[in-house]
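So this one's query_7.cif, mmCIF, C-alpha atoms:
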```cif
data_work
loop_
_atom_site.label_atom_id
_atom_site.label_comp_id
_atom_site.auth_asym_id
_atom_site.auth_seq_id
_atom_site.Cartn_x
_atom_site.Cartn_y
_atom_site.Cartn_z
CA MET A 1 8.08 4.05 18.15
CA SER A 2 7.54 0.38 17.30
CA MET A 3 9.02 -1.12 14.17
CA PRO A 4 6.55 -2.34 11.53
CA LEU A 5 6.37 -6.03 10.76
CA PRO A 6 8.04 -7.06 7.49
CA SER A 7 4.84 -8.41 5.92
CA ARG A 8 1.06 -8.17 5.97
CA ILE A 9 0.75 -11.95 5.83
CA TYR A 10 1.96 -14.26 8.59
CA PRO A 11 1.77 -18.03 8.00
CA VAL A 12 2.03 -20.22 11.12
CA VAL A 13 3.60 -23.60 10.39
CA ASP A 14 4.45 -26.79 12.26
CA THR A 15 7.67 -27.96 10.57
CA ALA A 16 10.85 -26.34 9.33
CA ASP A 17 10.17 -27.63 5.82
CA TRP A 18 7.20 -25.28 5.60
CA VAL A 19 9.52 -22.33 6.22
CA ALA A 20 11.39 -23.30 3.07
CA ARG A 21 8.28 -23.95 0.98
CA LEU A 22 6.37 -20.83 1.94
CA GLY A 23 9.48 -18.66 2.07
CA GLN A 24 10.39 -19.65 -1.44
CA ALA A 25 6.84 -18.75 -2.49
CA GLY A 26 7.24 -15.22 -1.11
CA ALA A 27 6.22 -15.29 2.55
CA SER A 28 8.64 -13.09 4.48
CA LEU A 29 7.24 -13.50 8.02
CA ILE A 30 6.62 -17.04 9.28
CA GLN A 31 6.01 -18.47 12.75
CA LEU A 32 7.37 -21.92 13.60
CA ARG A 33 4.99 -23.41 16.15
CA LEU A 34 6.27 -26.79 17.35
CA LYS A 35 4.43 -29.08 19.75
CA ASP A 36 5.07 -32.38 21.53
CA MET A 37 8.69 -32.90 20.52
CA ALA A 38 11.74 -34.04 22.46
CA MET A 39 14.15 -31.21 23.28
CA ASP A 40 16.86 -32.42 20.89
CA ASP A 41 14.32 -32.70 18.08
CA LEU A 42 13.01 -29.22 18.88
CA ARG A 43 16.47 -27.75 18.62
CA ARG A 44 17.16 -29.49 15.31
CA GLU A 45 13.85 -28.33 13.88
CA ILE A 46 14.34 -24.72 15.02
CA ARG A 47 17.88 -24.75 13.68
CA ALA A 48 16.62 -26.06 10.33
CA GLY A 49 13.91 -23.39 10.28
CA ILE A 50 16.52 -20.69 10.86
CA GLY A 51 18.59 -22.04 8.00
CA HIS A 52 15.62 -21.98 5.62
CA ALA A 53 14.64 -18.52 6.81
CA ARG A 54 18.08 -17.14 6.07
CA GLN A 55 18.14 -18.80 2.67
CA TYR A 56 14.83 -17.31 1.58
CA GLY A 57 14.90 -13.97 3.39
CA VAL A 58 12.24 -14.89 5.95
CA CYS A 59 11.83 -13.20 9.32
CA LEU A 60 11.36 -16.25 11.55
CA VAL A 61 9.24 -16.26 14.69
CA VAL A 62 9.60 -19.14 17.16
CA ASN A 63 6.63 -19.88 19.36
CA ASP A 64 7.15 -20.56 23.07
CA TYR A 65 10.65 -22.11 23.21
CA TRP A 66 12.44 -18.94 24.19
CA ARG A 67 15.58 -20.56 25.62
CA ILE A 68 16.36 -22.40 22.39
CA ALA A 69 15.35 -19.35 20.38
CA ILE A 70 17.89 -17.24 22.27
CA GLU A 71 20.63 -19.82 21.90
CA GLU A 72 20.01 -20.28 18.18
CA GLY A 73 19.47 -16.59 17.40
CA VAL A 74 15.97 -16.16 15.96
CA ASP A 75 14.38 -12.85 14.89
CA TYR A 76 11.23 -13.00 17.05
CA ILE A 77 9.79 -15.01 19.90
CA HIS A 78 6.02 -15.34 20.27
CA LEU A 79 4.62 -15.95 23.75
CA GLY A 80 1.16 -16.76 24.99
CA GLN A 81 -0.12 -15.30 28.22
CA GLU A 82 0.85 -18.40 30.19
CA ASP A 83 4.38 -18.22 28.75
CA LEU A 84 4.82 -14.75 30.26
CA ASP A 85 4.74 -16.39 33.70
CA THR A 86 8.00 -18.26 33.10
CA ALA A 87 9.87 -16.58 30.24
CA ASP A 88 12.96 -14.51 31.04
CA LEU A 89 11.97 -11.32 29.25
CA THR A 90 15.19 -9.61 30.28
CA ALA A 91 17.24 -12.35 28.62
CA ILE A 92 15.09 -12.18 25.50
CA ARG A 93 15.64 -8.44 25.20
CA ALA A 94 19.35 -8.74 25.98
CA ALA A 95 19.66 -11.17 23.06
CA GLY A 96 18.20 -8.56 20.72
CA ILE A 97 15.14 -10.69 19.95
CA ARG A 98 11.79 -9.04 19.30
CA LEU A 99 8.70 -10.18 21.16
CA GLY A 100 5.12 -10.90 20.11
CA VAL A 101 2.36 -11.64 22.63
CA SER A 102 -1.07 -13.25 22.24
CA THR A 103 -4.12 -11.49 23.68
CA HIS A 104 -7.78 -12.44 23.95
CA SER A 105 -9.23 -10.01 26.49
CA ASP A 106 -8.81 -6.52 27.93
CA ALA A 107 -6.85 -7.86 30.91
CA GLU A 108 -4.53 -9.81 28.64
CA LEU A 109 -3.95 -6.77 26.46
CA GLU A 110 -2.99 -4.71 29.49
CA ARG A 111 -0.57 -7.41 30.59
CA ALA A 112 0.92 -7.64 27.12
CA LEU A 113 1.42 -3.89 26.92
CA SER A 114 3.18 -3.94 30.30
CA VAL A 115 6.06 -5.93 28.76
CA ALA A 116 6.49 -3.55 25.80
CA PRO A 117 5.87 -6.08 23.00
CA ASP A 118 7.02 -5.58 19.42
CA TYR A 119 3.61 -6.77 18.25
CA VAL A 120 0.31 -7.84 19.77
CA ALA A 121 -1.83 -10.66 18.37
CA LEU A 122 -5.62 -10.68 18.83
CA GLY A 123 -7.73 -13.75 18.34
CA PRO A 124 -9.71 -15.64 17.48
CA VAL A 125 -11.22 -13.12 15.09
CA TRP A 126 -13.52 -15.85 13.74
CA PRO A 127 -14.26 -19.35 15.06
CA THR A 128 -11.31 -21.71 14.71
CA ARG A 129 -11.20 -25.49 14.76
CA LEU A 130 -7.51 -25.81 15.53
CA LYS A 131 -7.86 -25.71 19.30
CA LYS A 132 -10.52 -25.17 21.92
CA MET A 133 -10.60 -21.66 23.28
CA PRO A 134 -12.47 -20.17 26.22
CA TRP A 135 -13.04 -16.98 24.22
CA GLY A 136 -15.67 -16.48 21.56
CA PRO A 137 -14.91 -14.89 18.20
CA GLN A 138 -13.57 -11.37 18.66
CA GLY A 139 -14.80 -9.95 15.34
CA THR A 140 -13.23 -7.25 13.22
CA ALA A 141 -14.70 -4.46 15.36
CA LYS A 142 -12.44 -5.64 18.19
CA LEU A 143 -9.46 -5.25 15.88
CA SER A 144 -10.37 -1.60 15.38
CA LEU A 145 -10.68 -1.07 19.13
CA TRP A 146 -7.39 -2.85 19.89
CA LYS A 147 -5.57 -0.80 17.26
CA GLN A 148 -6.84 2.45 18.76
CA ARG A 149 -5.53 1.35 22.14
CA ILE A 150 -2.08 0.14 21.10
CA GLY A 151 -1.22 2.90 18.65
CA SER A 152 1.99 2.28 16.71
CA ILE A 153 2.53 -1.26 18.04
CA PRO A 154 1.79 -3.68 15.17
CA LEU A 155 -1.46 -5.64 15.53
CA VAL A 156 -1.75 -9.20 14.21
CA ALA A 157 -5.17 -10.77 13.55
CA ILE A 158 -5.42 -14.55 13.95
CA GLY A 159 -8.10 -17.20 14.27
CA GLY A 160 -10.39 -18.39 11.49
CA VAL A 161 -8.77 -16.04 8.99
CA THR A 162 -9.04 -17.04 5.33
CA LEU A 163 -7.88 -15.54 2.07
CA GLU A 164 -11.24 -13.83 1.69
CA ARG A 165 -11.28 -12.50 5.25
CA ALA A 166 -7.69 -11.23 5.38
CA PRO A 167 -8.43 -7.86 3.72
CA LEU A 168 -11.31 -7.31 6.17
CA CYS A 169 -8.86 -7.58 9.06
CA LEU A 170 -6.47 -5.10 7.50
CA SER A 171 -9.27 -2.67 6.73
CA ALA A 172 -10.40 -2.91 10.37
CA GLY A 173 -6.98 -1.87 11.65
CA ALA A 174 -4.80 -4.98 11.78
CA ASP A 175 -1.31 -4.50 10.43
CA CYS A 176 -0.77 -8.16 9.66
CA VAL A 177 -2.91 -11.27 9.29
CA ALA A 178 -1.90 -14.75 10.50
CA ALA A 179 -3.29 -18.16 9.62
CA VAL A 180 -2.44 -21.84 9.90
CA SER A 181 -4.97 -23.91 7.97
CA ASP A 182 -5.40 -21.44 5.13
CA PHE A 183 -1.77 -21.98 4.21
CA ILE A 184 -0.51 -25.43 5.16
CA ARG A 185 -3.79 -27.33 4.75
CA MET A 186 -4.56 -26.05 1.26
CA PRO A 187 -4.04 -28.08 -1.92
CA ASP A 188 -1.51 -25.55 -3.24
CA PRO A 189 0.18 -23.83 -0.27
CA GLU A 190 2.70 -21.98 -2.45
CA GLY A 191 -0.08 -20.67 -4.65
CA GLN A 192 -2.00 -19.69 -1.53
CA VAL A 193 0.90 -17.52 -0.38
CA LYS A 194 0.88 -15.72 -3.70
CA ALA A 195 -2.90 -15.28 -3.51
CA TRP A 196 -2.64 -13.83 0.01
CA LEU A 197 0.10 -11.44 -1.06
CA HIS A 198 -2.07 -10.25 -3.93
CA ALA A 199 -5.21 -9.97 -1.80
CA THR A 200 -3.47 -7.83 0.84
CA SER A 201 -1.28 -5.72 -1.44
CA ASP A 202 -3.78 -2.89 -1.90
CA THR A 203 -4.62 -2.50 1.79
CA ALA A 204 -2.43 0.00 3.64
CA CYS A 205 -0.49 -1.39 6.59
CA VAL A 206 0.77 0.90 9.35
#
```
Show me this structure written as structure tokens.
Amino acid sequence: MSMPLPSRIYPVVDTADWVARLGQAGASLIQLRLKDMAMDDLRREIRAGIGHARQYGVCLVVNDYWRIAIEEGVDYIHLGQEDLDTADLTAIRAAGIRLGVSTHSDAELERALSVAPDYVALGPVWPTRLKKMPWGPQGTAKLSLWKQRIGSIPLVAIGGVTLERAPLCLSAGADCVAAVSDFIRMPDPEGQVKAWLHATSDTACV
């Protein structure tokens, strides 16, 4: 039986400072997704994120950099499909770190399930401007289908999700809803966290 995620909302941020800001506002599950940084800077940023997470009771997820994540002792590691080619999954498990995996197609879901993930992410649910993707929008119906297939494994919806769309994802079967722009690119990110918590509080999460 898989463990549930600690929150229905899942901000994805690009600096450790955001972990402090959104954690203080009430977010309890945050992914730190760092790009294009020197290794020493990456380590410092991840270490700072861990410190903020512990201060504010946040379950921290580190994207991609599994070696540093193991050495620094994070809660979760999130891997894309290409990361599965090189990551040492045995070492990740031996360190007691939980694993999330991105999926975009049936074949990717099967591959993700073969490594016994602690959650599966499906996206993009709606069009997203953050990065070019070879997959079209999955839609909420795909969330329902994915949830039927993965059973008790938590399902995270990501891609084009907004405050207004988050409850639609949960109603369709997602256990948790992730977003980047709808948190860190809003005029009042802390207020946005509170709004998301309120908007998702009445929707049951497996």
Handout entry: Expansion of the PyMOL selection byres ((chain A and resi 33) around 12) into residues, as a VMD selection string
Key = chain A and resid 11 to 16 18 to 19 30 to 32 34 to 37 42 45 to 46 49 60 to 66 69 77 to 80 179 to 180
Practice task
May I have the residues at most 12 Å from (-11.8, -17.2, 14.8) in the file's coordinates, counting all atoms listed in the file, as a PyMOL selection string?
Solution key: chain A and resi 104+122-140+157-162+165-166+169+178-181
Report, as AutoDock Vina command-line options, the axis-aligned box around all atoms of range 99-109 of chain A present in the file, extended by 6 Å on each side; give centre and edge lengths in Å to one decimal place.
```
--center_x -0.3 --center_y -9.9 --center_z 25.5 --size_x 29.9 --size_y 18.7 --size_z 22.8
```
Handout entry: Residue neighbourhood Pro189 in chain A, 12 Å, all atoms listed in the file, exclusion window fewer than 3 positions, as a ChimeraX atom specification
Key = /A:11,13,18-27,163,179-186,192-196
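Nearest-residue note for Lys147 in chain A: choosing from A:Ile92, A:Val115, A:Leu109, A:Met3, the minimum distance belongs to A:Leu109, counting only C-alpha atoms.
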Completion exercise
Here CA of Arg54 in chain A and CA of Asp118 in chain A stand apart by 20.8 Å
Practice task
Using the chain letters and numbers from the file, give me the residues hit by the PyMOL selection byres ((chain A and resi 170-175) around 12), as a PyMOL selection string.
Solution key: chain A and resi 3-10+119-123+125+139-158+161+163-169+176-178+199-206
Name the residues, using the chain letters and numbers of the file, that sit within 9 Å of (12.9, -7.8, 18.6) when counting only C-alpha atoms, and give them as a compact mmCIF listing (two decimals) with C-alpha atoms, keeping the file's coordinate frame.
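Wrote it out as point.txt, contents follow:
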```
# COMPACT_ATOMS: atom_id res chain seq x y z
CA MET A 3 9.02 -1.12 14.17
CA ASP A 75 14.38 -12.85 14.89
CA TYR A 76 11.23 -13.00 17.05
CA ILE A 77 9.79 -15.01 19.90
CA ILE A 92 15.09 -12.18 25.50
CA ARG A 93 15.64 -8.44 25.20
CA ALA A 95 19.66 -11.17 23.06
CA GLY A 96 18.20 -8.56 20.72
CA ILE A 97 15.14 -10.69 19.95
CA ARG A 98 11.79 -9.04 19.30
CA LEU A 99 8.70 -10.18 21.16
CA GLY A 100 5.12 -10.90 20.11
CA PRO A 117 5.87 -6.08 23.00
CA ASP A 118 7.02 -5.58 19.42
```
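CA of Leu197 in chain A lies 19.9 Å from CA of His52 in chain A.
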Which residues come within 10 Å of Arg111 in chain A, counting all atoms listed in the file, excluding same-chain residues fewer than 5 positions away, as a PDB file with C-alpha atoms, in the coordinates of the input?
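Now in out-v5.pdb:
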```
ATOM      1  CA  GLN A  81      -0.120 -15.300  28.220  1.00  0.00           C
ATOM      2  CA  LEU A  84       4.820 -14.750  30.260  1.00  0.00           C
ATOM      3  CA  VAL A 101       2.360 -11.640  22.630  1.00  0.00           C
ATOM      4  CA  THR A 103      -4.120 -11.490  23.680  1.00  0.00           C
ATOM      5  CA  SER A 105      -9.230 -10.010  26.490  1.00  0.00           C
ATOM      6  CA  ASP A 106      -8.810  -6.520  27.930  1.00  0.00           C
ATOM      7  CA  ALA A 116       6.490  -3.550  25.800  1.00  0.00           C
TER       8      ALA A 116
END
```
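Put simply, CA of Ile50 in chain A is 26.0 Å away from CA of Ala112 in chain A.
Shortest separation to Ile68 in chain A among A:Arg47, A:Ala94, A:Asp83, A:His198 occurs at residue A:Arg47, atoms counted being only C-alpha atoms.
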